[in-house]
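J.: Handing over model-v1.txt, compact mmCIF, C-alpha atoms and all ligand atoms.
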# COMPACT_ATOMS: atom_id res chain seq x y z
CA MET N 2 209.81 108.11 191.25
CA ILE N 3 208.26 104.73 191.92
CA HIS N 4 210.41 101.78 190.81
CA VAL N 5 208.18 98.95 191.92
CA ASP N 6 204.76 97.58 191.01
CA LEU N 7 203.50 94.82 193.29
CA HIS N 8 200.12 94.24 191.68
CA THR N 9 200.22 92.78 188.18
CA HIS N 10 198.21 90.01 186.52
CA THR N 11 198.92 87.73 183.58
CA ASN N 12 197.16 85.77 180.89
CA HIS N 13 196.90 82.84 183.29
CA SER N 14 193.78 84.52 184.68
CA HIS N 15 191.72 87.02 182.66
CA ALA N 16 194.55 89.47 181.92
CA ARG N 17 195.72 89.82 178.34
CA ASP N 18 199.49 89.50 178.40
CA SER N 19 202.08 86.93 179.43
CA VAL N 20 204.44 86.89 182.41
CA ARG N 21 207.32 87.86 180.12
CA GLN N 22 205.39 90.66 178.39
CA MET N 23 204.20 92.16 181.68
CA PHE N 24 207.74 92.01 183.05
CA GLU N 25 209.18 93.73 179.97
CA ALA N 26 206.58 96.49 180.25
CA GLY N 27 207.82 97.12 183.79
CA GLN N 28 211.43 97.11 182.60
CA ALA N 29 210.55 99.77 180.03
CA LYS N 30 209.36 101.89 182.96
CA GLY N 31 212.66 101.37 184.79
CA PHE N 32 211.35 99.06 187.51
CA THR N 33 213.93 97.42 189.75
CA ILE N 34 211.31 95.24 191.44
CA HIS N 35 208.45 93.52 189.62
CA GLY N 36 205.85 91.74 191.69
CA PHE N 37 203.46 89.28 190.08
CA SER N 38 200.18 88.89 191.91
CA GLU N 39 198.01 86.58 189.84
CA HIS N 40 194.46 85.94 191.01
CA SER N 41 194.07 82.98 193.33
CA PRO N 42 192.04 79.89 192.55
CA ARG N 43 188.49 80.21 193.93
CA PRO N 44 186.08 77.58 195.23
CA LEU N 45 182.94 76.81 193.24
CA GLY N 46 180.02 79.04 194.15
CA TYR N 47 182.10 82.23 194.17
CA ASP N 48 181.56 83.21 190.58
CA TYR N 49 182.01 86.14 188.25
CA PRO N 50 179.66 86.81 185.33
CA HIS N 51 182.76 86.63 183.09
CA GLU N 52 184.24 83.58 184.69
CA TYR N 53 187.85 82.52 184.04
CA ARG N 54 188.12 79.79 186.66
CA GLU N 55 188.67 76.92 184.24
CA HIS N 56 191.52 78.65 182.43
CA LEU N 57 193.18 79.72 185.69
CA ASP N 58 192.92 76.25 187.19
CA ALA N 59 194.41 74.74 184.04
CA THR N 60 197.40 77.10 183.83
CA PHE N 61 198.09 78.21 187.41
CA GLU N 62 201.10 75.89 187.76
CA ASP N 63 202.53 77.45 184.59
CA TYR N 64 202.21 80.86 186.24
CA ILE N 65 204.30 79.68 189.18
CA ARG N 66 206.92 78.07 186.95
CA GLU N 67 207.23 81.06 184.58
CA VAL N 68 207.65 83.55 187.43
CA GLU N 69 210.19 81.31 189.20
CA GLU N 70 212.18 80.98 185.96
CA LEU N 71 212.12 84.72 185.36
CA LYS N 72 213.22 85.32 188.93
CA LYS N 73 216.29 83.08 188.47
CA GLU N 74 217.09 84.65 185.12
CA GLN N 75 216.90 88.24 186.41
CA ALA N 76 218.59 87.88 189.81
CA PRO N 77 222.15 88.06 188.41
CA LYS N 78 221.17 91.27 186.59
CA GLY N 79 220.08 92.89 189.85
CA VAL N 80 216.38 92.92 188.98
CA THR N 81 214.08 91.48 191.62
CA VAL N 82 211.12 89.42 190.44
CA LEU N 83 208.67 88.43 193.13
CA LEU N 84 206.15 85.62 193.18
CA GLY N 85 202.96 86.84 194.75
CA MET N 86 199.26 86.13 194.57
CA GLU N 87 196.15 88.26 194.96
CA VAL N 88 193.99 86.04 197.09
CA ASP N 89 190.24 86.46 197.09
CA TRP N 90 189.32 86.99 200.71
CA LEU N 91 186.28 84.78 201.39
CA GLU N 92 185.44 84.86 205.05
CA ASP N 93 183.55 81.56 204.98
CA GLU N 94 186.39 79.73 203.21
CA ILE N 95 189.37 80.16 205.51
CA PRO N 96 190.50 76.50 205.31
CA TYR N 97 190.44 76.76 201.50
CA ILE N 98 192.45 80.00 201.66
CA ARG N 99 195.00 78.42 203.97
CA LYS N 100 195.35 75.52 201.55
CA VAL N 101 195.90 77.63 198.40
CA THR N 102 198.30 80.02 200.09
CA ALA N 103 200.38 77.14 201.49
CA ALA N 104 200.58 75.29 198.16
CA HIS N 105 203.60 77.32 196.97
CA GLU N 106 206.28 79.43 198.54
CA TYR N 107 205.04 82.94 197.80
CA ASP N 108 207.15 86.01 198.37
CA TYR N 109 204.02 87.91 199.40
CA LEU N 110 200.25 87.65 199.48
CA ILE N 111 197.74 90.38 198.68
CA ALA N 112 194.20 90.13 200.03
CA GLY N 113 191.56 91.36 197.61
CA ILE N 114 188.03 91.72 198.93
CA HIS N 115 185.95 91.14 195.82
CA PHE N 116 183.17 89.10 197.44
CA LEU N 117 180.76 89.66 200.31
CA GLY N 118 179.44 86.17 200.97
CA THR N 119 179.22 84.68 197.49
CA TRP N 120 178.24 88.01 195.89
CA PRO N 121 180.88 89.63 193.64
CA THR N 122 180.97 93.30 194.67
CA ASP N 123 182.80 94.78 191.70
CA ALA N 124 181.33 92.94 188.73
CA VAL N 125 177.69 93.94 188.23
CA PRO N 126 176.81 97.68 188.20
CA ALA N 127 173.09 96.81 187.92
CA ASP N 128 173.20 95.17 191.35
CA TRP N 129 174.33 98.45 192.88
CA GLU N 130 171.82 100.50 190.90
CA ALA N 131 169.00 98.42 192.33
CA PHE N 132 170.09 98.94 195.95
CA PRO N 133 168.51 101.76 197.93
CA GLN N 134 170.97 103.96 199.78
CA GLU N 135 170.64 102.12 203.11
CA GLU N 136 171.44 98.83 201.40
CA ARG N 137 174.55 100.37 199.84
CA TYR N 138 175.60 101.67 203.24
CA SER N 139 175.17 98.28 204.84
CA ARG N 140 177.38 96.73 202.15
CA TYR N 141 180.10 99.32 202.80
CA GLU N 142 179.90 98.40 206.48
CA ARG N 143 180.13 94.72 205.74
CA TYR N 144 183.17 95.36 203.54
CA TYR N 145 185.14 96.99 206.38
CA ARG N 146 183.99 94.42 208.91
CA THR N 147 185.30 91.63 206.71
CA MET N 148 188.54 93.55 206.07
CA LYS N 149 189.17 93.47 209.81
CA ARG N 150 188.54 89.72 209.95
CA MET N 151 190.86 89.22 206.98
CA ALA N 152 193.71 91.09 208.68
CA GLU N 153 193.22 89.19 211.92
CA THR N 154 194.03 85.88 210.20
CA ARG N 155 197.60 87.16 209.65
CA ILE N 156 197.76 85.25 206.38
CA PHE N 157 198.40 88.27 204.17
CA ASN N 158 200.95 91.04 203.64
CA ILE N 159 198.96 93.66 201.75
CA VAL N 160 195.34 94.78 201.58
CA ALA N 161 194.44 95.49 197.94
CA HIS N 162 192.42 98.50 196.72
CA PRO N 163 191.14 99.34 200.22
CA ASP N 164 187.92 101.03 199.11
CA LEU N 165 187.05 98.96 196.04
CA ILE N 166 183.49 98.82 197.39
CA LYS N 167 182.96 102.39 196.09
CA ILE N 168 183.47 101.31 192.50
CA PHE N 169 179.91 101.86 191.19
CA THR N 170 178.51 104.24 193.86
CA VAL N 171 181.33 106.63 194.65
CA ASP N 172 179.09 109.57 195.65
CA ASP N 173 177.14 107.50 198.14
CA PHE N 174 180.38 106.08 199.46
CA HIS N 175 181.71 109.57 200.15
CA ALA N 176 178.44 110.51 201.87
CA TRP N 177 178.72 107.36 203.99
CA LEU N 178 182.28 108.30 204.99
CA GLU N 179 180.98 111.61 206.32
CA ARG N 180 179.35 109.70 209.19
CA PRO N 181 181.72 109.46 212.16
CA GLU N 182 180.66 105.85 212.79
CA SER N 183 181.71 104.95 209.25
CA MET N 184 185.20 106.39 209.71
CA ALA N 185 185.42 104.57 213.04
CA LEU N 186 184.68 101.30 211.26
CA VAL N 187 187.28 102.01 208.56
CA ALA N 188 189.77 102.91 211.31
CA GLU N 189 189.11 99.59 213.06
CA ALA N 190 189.79 97.70 209.84
CA LEU N 191 192.96 99.66 209.01
CA THR N 192 194.21 99.32 212.57
CA ALA N 193 193.85 95.55 212.26
CA VAL N 194 195.75 95.74 208.96
CA ARG N 195 198.57 97.67 210.63
CA ASP N 196 198.65 95.43 213.69
CA ALA N 197 198.99 92.38 211.44
CA GLY N 198 202.19 93.86 210.00
CA MET N 199 200.46 94.43 206.69
CA ALA N 200 200.68 97.34 204.27
CA MET N 201 197.89 99.19 202.48
CA GLU N 202 197.97 99.35 198.73
CA ILE N 203 197.60 102.64 196.85
CA SER N 204 196.20 101.67 193.49
CA SER N 205 195.85 103.52 190.21
CA ALA N 206 193.22 101.02 189.05
CA GLY N 207 190.46 103.14 190.56
CA LEU N 208 191.28 105.91 188.08
CA ARG N 209 190.46 103.53 185.22
CA ARG N 210 187.23 102.22 186.77
CA PRO N 211 183.80 103.91 187.00
CA CYS N 212 184.63 105.57 190.37
CA ARG N 213 187.44 107.53 188.65
CA GLU N 214 189.36 107.88 191.88
CA ILE N 215 192.52 106.35 193.28
CA TYR N 216 192.02 103.48 195.75
CA PRO N 217 191.81 104.64 198.52
CA GLY N 218 190.23 108.10 198.31
CA PRO N 219 191.72 111.09 200.18
CA LYS N 220 189.86 110.62 203.45
CA ILE N 221 190.96 107.04 203.90
CA LEU N 222 194.47 107.89 202.72
CA HIS N 223 194.71 110.55 205.42
CA LEU N 224 193.42 108.15 208.06
CA ALA N 225 195.94 105.50 206.99
CA ARG N 226 198.74 108.01 207.42
CA GLU N 227 197.49 108.95 210.88
CA LEU N 228 197.42 105.28 211.83
CA GLY N 229 200.99 104.83 210.60
CA LEU N 230 200.32 102.27 207.88
CA PRO N 231 203.07 101.31 205.45
CA ILE N 232 202.08 101.48 201.78
CA THR N 233 202.67 99.66 198.54
CA PHE N 234 202.08 100.88 195.00
CA ALA N 235 199.84 98.99 192.62
CA SER N 236 198.65 99.26 189.06
CA ASP N 237 196.47 96.13 189.19
CA SER N 238 197.49 95.83 185.56
CA HIS N 239 195.74 93.35 183.29
CA ALA N 240 197.64 94.40 180.12
CA THR N 241 201.13 95.70 179.38
CA GLU N 242 200.09 99.33 178.91
CA GLN N 243 198.69 99.33 182.47
CA VAL N 244 201.93 98.26 184.20
CA GLY N 245 203.05 101.17 186.36
CA TRP N 246 200.18 103.23 184.94
CA GLY N 247 199.43 106.49 186.76
CA PHE N 248 202.41 106.08 189.09
CA GLU N 249 203.52 109.72 188.88
CA GLU N 250 200.12 110.64 190.26
CA LEU N 251 200.32 107.92 192.95
CA ALA N 252 203.73 109.22 194.06
CA ARG N 253 202.40 112.78 194.39
CA TYR N 254 199.30 111.52 196.19
CA ALA N 255 201.27 109.49 198.75
CA ALA N 256 203.85 112.24 199.22
CA SER N 257 201.05 114.75 199.92
CA GLU N 258 200.34 112.83 203.14
CA GLY N 259 204.02 112.54 204.03
CA TRP N 260 205.04 109.05 202.90
CA LYS N 261 208.54 108.89 201.43
CA GLU N 262 208.90 105.16 200.97
CA SER N 263 206.85 102.12 200.09
CA VAL N 264 207.47 98.61 201.35
CA VAL N 265 208.18 95.35 199.59
CA PHE N 266 207.58 91.98 201.22
CA CYS N 267 209.73 88.98 200.45
CA ARG N 268 209.08 85.78 202.40
CA GLY N 269 208.72 87.42 205.76
CA THR N 270 211.22 90.23 205.28
CA VAL N 271 210.20 93.82 204.69
CA GLN N 272 212.25 96.12 202.52
CA ARG N 273 211.71 99.89 202.43
CA VAL N 274 211.96 101.52 199.02
CA PRO N 275 212.14 105.31 198.73
CA PHE N 276 210.15 106.91 195.92
ZN ZN N 301 191.61 90.70 187.55
ZN ZN N 302 194.28 92.66 191.03
What does this structure look like when you write it as structure tokens?
Ligand SMILES: [Zn+2]
Ligand SMILES: [Zn+2]

T.:
Amino acid sequence: MIHVDLHTHTNHSHARDSVRQMFEAGQAKGFTIHGFSEHSPRPLGYDYPHEYREHLDATFEDYIREVEELKKEQAPKGVTVLLGMEVDWLEDEIPYIRKVTAAHEYDYLIAGIHFLGTWPTDAVPADWEAFPQEERYSRYERYYRTMKRMAETRIFNIVAHPDLIKIFTVDDFHAWLERPESMALVAEALTAVRDAGMAMEISSAGLRRPCREIYPGPKILHLARELGLPITFASDSHATEQVGWGFEELARYAASEGWKESVVFCRGTVQRVPF
């Protein structure tokens, strides 16, 4: 059984529920470790159609304070609360990323690749529909090339949803993975993730999105095991009912490749948690 969720959001970004409500939802599931990973601030020009930047910027300090307070309150009870952040990886904005990640003392940092250049990859299905197959393939390639660059910065602890790029075109993505050169590119990215001391997230969010498949899919999961990557478990929850959602399935999925433990990062230390 999985007792830890390291990928949860709050109403300080575009999620529905508060820090306290998300925490309590995890407690109801028997979690001993609850990691908060609110979205990072983003520079202007990297925009979502449903933008929440203004609200996040206005309340981000409250997020930090509320999680820190909860952490202090829960420590004597033996429950670990972690302050994390899901940072938008933007390869042309590394100084900005260094600034936002250094602004607070985070227990861990997740890198989420939601943008290629300034284009949001997971927000507009119509963009993907308009792309011919070769264009889709070239975006998959770009996604794994930028993942490698992300890992090489050594800023982060975890790579989020490591095949999010399949979200609206899952069949084409699987066809692309059948090419040996595609798997070689994914292997290069995951090797960089491993060599940076990072873990790969296994996320139930994909099951709720149009791709209807865990992030990552079976082929990439198998490759990650071969490469010896540590894993974390993630719901990417944006509401209380999503905290720890689908975790029985994630546990079976990870165990099918031989993993017996996930890892938890806390300010430079790595803890192994059996599941
Ligand atoms: Zn979100
Ligand atoms: Zn997330």

J.: Counting all atoms listed in the file, note down every residue that has an atom within 10 Å of the point (197.6, 80.1, 198.9) (file coordinates), as a ChimeraX atom specification.

T.: /N:41-42,85-89,97-107,110,156-157

J.: Enumerate, as a list in words, the protein, DNA and RNA residues whose atoms approach (197.1, 104.1, 189.7) to within 10 Å, taking into account all atoms listed in the file and the coordinate frame of the file.

T.: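 It turns out the residues near that spot are Ile203, Ser204, Ser205, Ala206, Gly207, Leu208, Arg209, Glu214, Ile215, Tyr216, Phe234, Ala235, Ser236, Asp237, Ser238, Gln243, Val244, Gly245, Trp246, Gly247, Phe248, Glu249, Glu250, Leu251 and Ala252 of chain N.
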
J.: Can you work out the spacing between CA of Arg273 (chain N) and CA of Leu222 (chain N) in Å, to one decimal?

T.: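 Spanning CA of Arg273 (chain N) to CA of Leu222 (chain N) is a straight-line distance of 19.0 Å.
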
J.: Please, what distance in Å, to one decimal, runs between CA of Ser183 (chain N) and CA of Ala256 (chain N)?

T.: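 Calculated distance between CA of Ser183 (chain N) and CA of Ala256 (chain N) is 25.4 Å.
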
J.: What does the distance between CA of His239 (chain N) and CA of His8 (chain N) come to in Å, to one decimal place?

T.: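 So the answer is 9.5 Å.
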
J.: Skip Gly46 (chain N) itself and residues of its chain fewer than 5 positions away, then list as a VMD selection string all residues within 10 Å of it, counting all atoms listed in the file.

T.: chain N and resid 118 to 120

J.: List as a VMD selection string the protein and nucleic acid residues near Met199 (chain N), meaning an atom at most 9 Å away when only C-alpha atoms are counted, but skip any in the same chain fewer than 4 places from it.

T.: chain N and resid 152 155 157 to 160 193 to 195 230 to 232
